[in-house]
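Next comes work38.csv, a file with CSV, C-alpha atoms.
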```csv
chain,number,residue,atom,x,y,z
W,1,MET,CA,34.1,-28.1,40.3
W,2,ALA,CA,30.6,-29.6,40.4
W,3,VAL,CA,30.3,-32.0,43.3
W,4,PHE,CA,28.5,-35.3,43.1
W,5,SER,CA,25.4,-35.5,45.3
W,6,SER,CA,25.7,-39.2,46.2
W,7,LEU,CA,28.1,-42.1,46.0
W,8,GLY,CA,25.8,-43.8,43.5
W,9,GLU,CA,26.1,-40.8,41.2
W,10,LEU,CA,29.9,-40.8,41.5
W,11,VAL,CA,30.2,-44.5,40.9
W,12,LYS,CA,28.0,-44.2,37.7
W,13,ARG,CA,30.2,-41.4,36.4
W,14,PHE,CA,33.5,-43.2,37.2
W,15,LYS,CA,32.2,-46.4,35.6
W,16,ALA,CA,31.2,-44.4,32.5
W,17,LEU,CA,34.8,-43.2,32.3
W,18,GLY,CA,36.2,-46.8,32.5
W,19,ALA,CA,36.8,-47.3,36.2
W,20,ARG,CA,36.9,-50.9,37.2
W,21,THR,CA,37.9,-50.3,40.8
W,22,ILE,CA,36.9,-47.3,42.9
W,23,VAL,CA,38.5,-46.5,46.3
W,24,PHE,CA,38.3,-43.6,48.6
W,25,LYS,CA,40.5,-42.1,51.3
W,26,PRO,CA,39.4,-39.6,54.0
W,27,LEU,CA,41.9,-36.8,54.1
W,28,GLU,CA,43.8,-35.3,57.0
W,29,GLU,CA,44.4,-31.6,57.5
W,30,ASN,CA,48.0,-32.1,56.3
W,31,ASP,CA,46.9,-33.6,53.0
W,32,ASN,CA,47.3,-30.4,50.9
W,33,ARG,CA,49.1,-28.8,48.0
W,34,LYS,CA,52.1,-28.0,50.1
W,35,GLN,CA,52.7,-31.3,52.0
W,36,GLN,CA,51.1,-33.5,49.3
W,37,ILE,CA,48.5,-36.2,49.9
W,38,TYR,CA,49.6,-39.1,52.1
W,39,VAL,CA,48.9,-42.4,50.5
W,40,GLY,CA,50.6,-45.0,52.7
W,41,ASP,CA,53.8,-46.1,54.5
W,42,SER,CA,55.1,-48.5,51.8
W,43,LEU,CA,54.9,-49.3,48.1
W,44,GLU,CA,52.4,-52.0,49.0
W,45,ALA,CA,50.0,-49.2,50.0
W,46,VAL,CA,49.5,-48.3,46.3
W,47,TYR,CA,49.1,-51.9,45.0
W,48,HIS,CA,45.7,-50.9,43.4
W,49,LEU,CA,47.2,-48.0,41.4
W,50,PRO,CA,49.0,-48.4,38.1
W,51,THR,CA,52.7,-47.7,38.8
W,52,GLN,CA,56.1,-47.8,37.1
W,53,TRP,CA,58.6,-46.9,39.7
W,54,ARG,CA,61.9,-45.3,38.9
W,55,CYS,CA,64.7,-44.3,41.3
W,56,GLU,CA,65.8,-40.7,41.5
W,57,LYS,CA,68.3,-38.9,43.6
W,58,GLY,CA,66.6,-36.7,46.3
W,59,THR,CA,68.1,-34.2,48.7
W,60,ASP,CA,67.8,-36.7,51.5
W,61,GLY,CA,68.8,-39.8,49.4
W,62,ASP,CA,67.2,-41.9,46.8
W,63,ILE,CA,63.4,-41.7,46.3
W,64,GLN,CA,61.1,-43.7,44.1
W,65,LYS,CA,58.7,-41.9,41.7
W,66,SER,CA,55.9,-43.1,39.4
W,67,ASP,CA,54.0,-40.9,37.0
W,68,LEU,CA,50.2,-41.2,37.3
W,69,ASN,CA,47.8,-40.7,34.5
W,70,LEU,CA,45.3,-38.9,36.7
W,71,ARG,CA,42.3,-37.0,35.6
W,72,TRP,CA,40.1,-34.8,37.8
W,73,VAL,CA,36.4,-35.2,37.1
W,74,ASP,CA,33.2,-33.7,38.2
W,75,THR,CA,29.6,-34.4,37.2
W,76,THR,CA,30.2,-33.3,33.5
W,77,ARG,CA,33.9,-32.6,32.9
W,78,GLU,CA,37.3,-34.2,33.1
W,79,GLU,CA,40.8,-32.8,32.8
W,80,ARG,CA,44.2,-34.4,33.0
W,81,ALA,CA,46.6,-33.4,35.8
W,82,PRO,CA,49.8,-33.7,33.7
W,83,GLU,CA,52.2,-33.4,36.7
W,84,ALA,CA,50.5,-36.1,38.9
W,85,LYS,CA,52.9,-38.7,40.4
W,86,LEU,CA,53.4,-40.9,43.3
W,87,ILE,CA,56.6,-40.4,45.4
W,88,PHE,CA,58.0,-42.9,47.9
W,89,TYR,CA,60.2,-41.3,50.5
W,90,PRO,CA,62.0,-44.4,52.1
W,91,GLN,CA,63.6,-42.3,54.8
W,92,TYR,CA,60.2,-41.6,56.4
W,93,PRO,CA,58.9,-44.1,55.0
W,94,GLU,CA,55.8,-42.9,53.1
W,95,VAL,CA,54.2,-42.6,49.7
W,96,ARG,CA,52.6,-39.3,48.7
W,97,LEU,CA,50.5,-38.1,45.8
W,98,SER,CA,52.1,-35.1,44.3
W,99,GLY,CA,51.6,-32.7,41.4
W,100,VAL,CA,47.8,-33.2,41.3
W,101,LEU,CA,47.0,-29.5,40.9
W,102,SER,CA,49.7,-28.4,38.4
W,103,GLY,CA,48.5,-27.6,34.9
W,104,CYS,CA,44.9,-28.6,35.6
W,105,ARG,CA,42.1,-26.0,35.9
W,106,LEU,CA,39.6,-28.5,37.1
W,107,ALA,CA,41.7,-29.6,40.1
W,108,PRO,CA,40.2,-28.8,43.5
W,109,ARG,CA,42.7,-26.1,44.5
W,110,GLU,CA,40.4,-24.4,47.0
W,111,HIS,CA,40.0,-27.7,48.9
W,112,LEU,CA,43.7,-28.6,49.0
W,113,GLN,CA,45.0,-25.5,50.8
W,114,PRO,CA,47.2,-25.8,53.9
W,115,VAL,CA,45.3,-25.2,57.1
W,116,ALA,CA,46.8,-22.5,59.3
W,117,LYS,CA,47.9,-23.7,62.8
W,118,PRO,CA,45.3,-21.6,64.7
W,119,ASP,CA,42.5,-23.0,62.4
W,120,ARG,CA,43.4,-26.7,62.8
W,121,LYS,CA,40.8,-29.0,64.4
W,122,GLY,CA,42.7,-32.2,64.3
W,123,TYR,CA,40.3,-33.9,61.9
W,124,ASP,CA,39.0,-33.3,58.4
W,125,GLU,CA,35.9,-34.1,56.4
W,126,ARG,CA,37.3,-34.1,52.9
W,127,VAL,CA,37.3,-37.4,51.0
W,128,LEU,CA,39.4,-38.3,47.9
W,129,PHE,CA,37.9,-40.8,45.4
W,130,LEU,CA,40.0,-42.6,42.9
W,131,GLY,CA,38.7,-44.7,40.0
W,132,ILE,CA,41.2,-47.1,38.4
W,133,SER,CA,40.7,-48.3,34.8
W,134,SER,CA,42.2,-51.3,33.2
W,135,ASP,CA,44.2,-49.1,30.8
W,136,GLY,CA,46.1,-47.3,33.5
W,137,ARG,CA,44.0,-44.2,33.8
W,138,VAL,CA,43.0,-42.9,37.3
W,139,VAL,CA,40.0,-40.6,37.6
W,140,ALA,CA,39.8,-38.5,40.8
W,141,HIS,CA,37.3,-36.4,42.6
W,142,LEU,CA,37.6,-34.7,46.0
W,143,ALA,CA,34.4,-34.4,48.0
W,144,PRO,CA,34.7,-31.2,50.2
W,145,ALA,CA,34.0,-31.0,53.9
W,146,GLY,CA,30.3,-30.6,54.6
W,147,SER,CA,29.2,-32.2,51.3
W,148,ALA,CA,26.6,-35.0,51.2
W,149,LEU,CA,29.1,-37.2,49.3
W,150,SER,CA,31.8,-36.7,52.0
W,151,ALA,CA,29.3,-37.6,54.8
W,152,GLU,CA,28.1,-40.7,52.9
W,153,ALA,CA,31.6,-42.0,52.4
W,154,ARG,CA,32.7,-41.4,56.0
W,155,GLY,CA,29.6,-43.4,57.0
W,156,ILE,CA,31.0,-46.5,55.3
W,157,GLU,CA,34.7,-46.0,55.9
W,158,ASP,CA,36.7,-49.1,56.7
W,159,GLN,CA,38.5,-48.0,59.9
W,160,ASP,CA,41.2,-50.7,59.4
W,161,SER,CA,42.2,-49.7,55.9
W,162,LEU,CA,43.8,-46.6,54.4
W,163,PHE,CA,41.6,-46.9,51.3
W,164,THR,CA,38.1,-48.2,51.4
W,165,GLN,CA,37.0,-50.0,48.2
W,166,VAL,CA,33.6,-49.2,46.7
W,167,ILE,CA,33.8,-51.5,43.7
```
Could I get this structure in the form of structure tokens?
Amino acid sequence: MAVFSSLGELVKRFKALGARTIVFKPLEENDNRKQQIYVGDSLEAVYHLPTQWRCEKGTDGDIQKSDLNLRWVDTTREERAPEAKLIFYPQYPEVRLSGVLSGCRLAPREHLQPVAKPDRKGYDERVLFLGISSDGRVVAHLAPAGSALSAEARGIEDQDSLFTQVI
């Protein structure tokens, strides 16, 4: 996946793909393919994302799910993640982003691997960007640790909010 060199470059690409709102979220070490990506502690945490919740029976009780028309993008390509969905687990409570790697070659697999316990540092430098369009599409890009884009985003992060809005 070709990484954006700056926030301005990412915003330009996201806008060209129809994004009207762009938000980002610094990731934690436990935001990975196995444990899914933590989005918030209630359905209100995803107010900016296009959702259509449905109730399903889970092993620990009812859960809420909403399919997400998510597309991973880089500087030149985009590809839909057909299994992407939001899942609200009321027993915890938390909303997680799931299925974002399944069926999508462009998805950032190498940057969403679980961190082994001996390698954990307690912090992370990855940043997830989401661009939301008026027709319900969500474009996504993950800035890896150590990238210029990750450093730029972490420099403007809103410490009081789970997601920081760019536009």
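Comparing the minimum interatomic distances between Arg71 of chain W and each of W:Leu106, W:Ile22, W:Cys55, W:Ala145, counting all atoms listed in the file, we find that W:Leu106 sits nearest.
Comparing the minimum interatomic distances between Phe163 of chain W and each of W:Thr21, W:Ser102, W:Thr75, W:Ser66, counting all atoms listed in the file, we find that W:Thr21 sits nearest.
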Quiz item: So which one's closest to Ser98 of chain W, W:Val127, W:Leu68, W:Ile63, W:Leu43? Using all atoms listed in the file, please.
Solution: W:Leu68
Self-check item: Shell around Leu7 of chain W at 8 Å using only C-alpha atoms, local window under 4 positions removed, as number ranges by chain
Solution: W: 11, 149, 152-153
Quiz item: Within 6 Å of Phe24 of chain W, counting only C-alpha atoms, which residues qualify if same-chain residues fewer than 2 places away don't, as a ChimeraX atom specification?
Solution: /W:128-129,163-164
Practice problem: Excluding Glu125 of chain W and any residue of its chain fewer than 4 positions from it, enumerate the residues within 12 Å of it, using only C-alpha atoms, and give them as an MDAnalysis selection string. | Solution: chainID W and resid 25:29 31 111 121 142:155 157
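Take atom CA of Leu70 of chain W and atom CA of Asp124 of chain W: the distance between them is 23.3 Å.
Between atom CA of Leu49 of chain W and atom CA of Ala2 of chain W lies a distance of 24.8 Å.
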Practice problem: Excluding Glu110 of chain W and residues on its chain fewer than 5 positions from it, collect all residues at most 10 Å away from it, counting all atoms listed in the file, and give them as a PyMOL selection string. | Solution: chain W and resi 1+32-33+144
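Using only C-alpha atoms, the smallest distance between any of W:Asn30, W:Ser42, W:Gln165, W:Thr51 and Gly122 of chain W comes from W:Asn30.
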N, CA and C atoms modelled onto segment 138-154 of chain W, as an mmCIF file, in the coordinates of the input:
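Writing done, so here's out.cif:
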```cif
data_model
loop_
_atom_site.group_PDB
_atom_site.id
_atom_site.type_symbol
_atom_site.label_atom_id
_atom_site.label_comp_id
_atom_site.auth_asym_id
_atom_site.auth_seq_id
_atom_site.Cartn_x
_atom_site.Cartn_y
_atom_site.Cartn_z
ATOM 1 N N VAL W 138 43.576 -43.057 35.933
ATOM 2 C CA VAL W 138 43.000 -42.900 37.300
ATOM 3 C C VAL W 138 42.152 -41.633 37.227
ATOM 4 N N VAL W 139 40.859 -41.780 37.524
ATOM 5 C CA VAL W 139 40.000 -40.600 37.600
ATOM 6 C C VAL W 139 39.866 -40.266 39.098
ATOM 7 N N ALA W 140 39.806 -38.971 39.397
ATOM 8 C CA ALA W 140 39.800 -38.500 40.800
ATOM 9 C C ALA W 140 38.735 -37.468 41.014
ATOM 10 N N HIS W 141 38.214 -37.475 42.214
ATOM 11 C CA HIS W 141 37.300 -36.400 42.600
ATOM 12 C C HIS W 141 37.461 -36.228 44.129
ATOM 13 N N LEU W 142 37.456 -34.971 44.548
ATOM 14 C CA LEU W 142 37.600 -34.700 46.000
ATOM 15 C C LEU W 142 36.255 -34.118 46.465
ATOM 16 N N ALA W 143 35.661 -34.835 47.420
ATOM 17 C CA ALA W 143 34.400 -34.400 48.000
ATOM 18 C C ALA W 143 34.800 -33.432 49.178
ATOM 19 N N PRO W 144 34.342 -32.185 49.124
ATOM 20 C CA PRO W 144 34.700 -31.200 50.200
ATOM 21 C C PRO W 144 34.056 -31.486 51.498
ATOM 22 N N ALA W 145 34.634 -30.922 52.538
ATOM 23 C CA ALA W 145 34.000 -31.000 53.900
ATOM 24 C C ALA W 145 32.628 -30.429 53.813
ATOM 25 N N GLY W 146 31.723 -31.082 54.505
ATOM 26 C CA GLY W 146 30.300 -30.600 54.600
ATOM 27 C C GLY W 146 29.460 -31.060 53.423
ATOM 28 N N SER W 147 30.022 -31.762 52.434
ATOM 29 C CA SER W 147 29.200 -32.200 51.300
ATOM 30 C C SER W 147 28.496 -33.526 51.652
ATOM 31 N N ALA W 148 27.385 -33.769 50.965
ATOM 32 C CA ALA W 148 26.600 -35.000 51.200
ATOM 33 C C ALA W 148 27.483 -36.225 50.817
ATOM 34 N N LEU W 149 28.286 -36.122 49.749
ATOM 35 C CA LEU W 149 29.100 -37.200 49.300
ATOM 36 C C LEU W 149 30.185 -37.556 50.389
ATOM 37 N N SER W 150 30.786 -36.534 50.970
ATOM 38 C CA SER W 150 31.800 -36.700 52.000
ATOM 39 C C SER W 150 31.131 -37.454 53.222
ATOM 40 N N ALA W 151 29.964 -37.002 53.626
ATOM 41 C CA ALA W 151 29.300 -37.600 54.800
ATOM 42 C C ALA W 151 28.912 -39.071 54.479
ATOM 43 N N GLU W 152 28.446 -39.351 53.258
ATOM 44 C CA GLU W 152 28.100 -40.700 52.900
ATOM 45 C C GLU W 152 29.299 -41.638 52.932
ATOM 46 N N ALA W 153 30.416 -41.175 52.384
ATOM 47 C CA ALA W 153 31.600 -42.000 52.400
ATOM 48 C C ALA W 153 32.163 -42.223 53.772
ATOM 49 N N ARG W 154 32.184 -41.200 54.588
ATOM 50 C CA ARG W 154 32.700 -41.400 56.000
ATOM 51 C C ARG W 154 31.796 -42.307 56.762
#
```
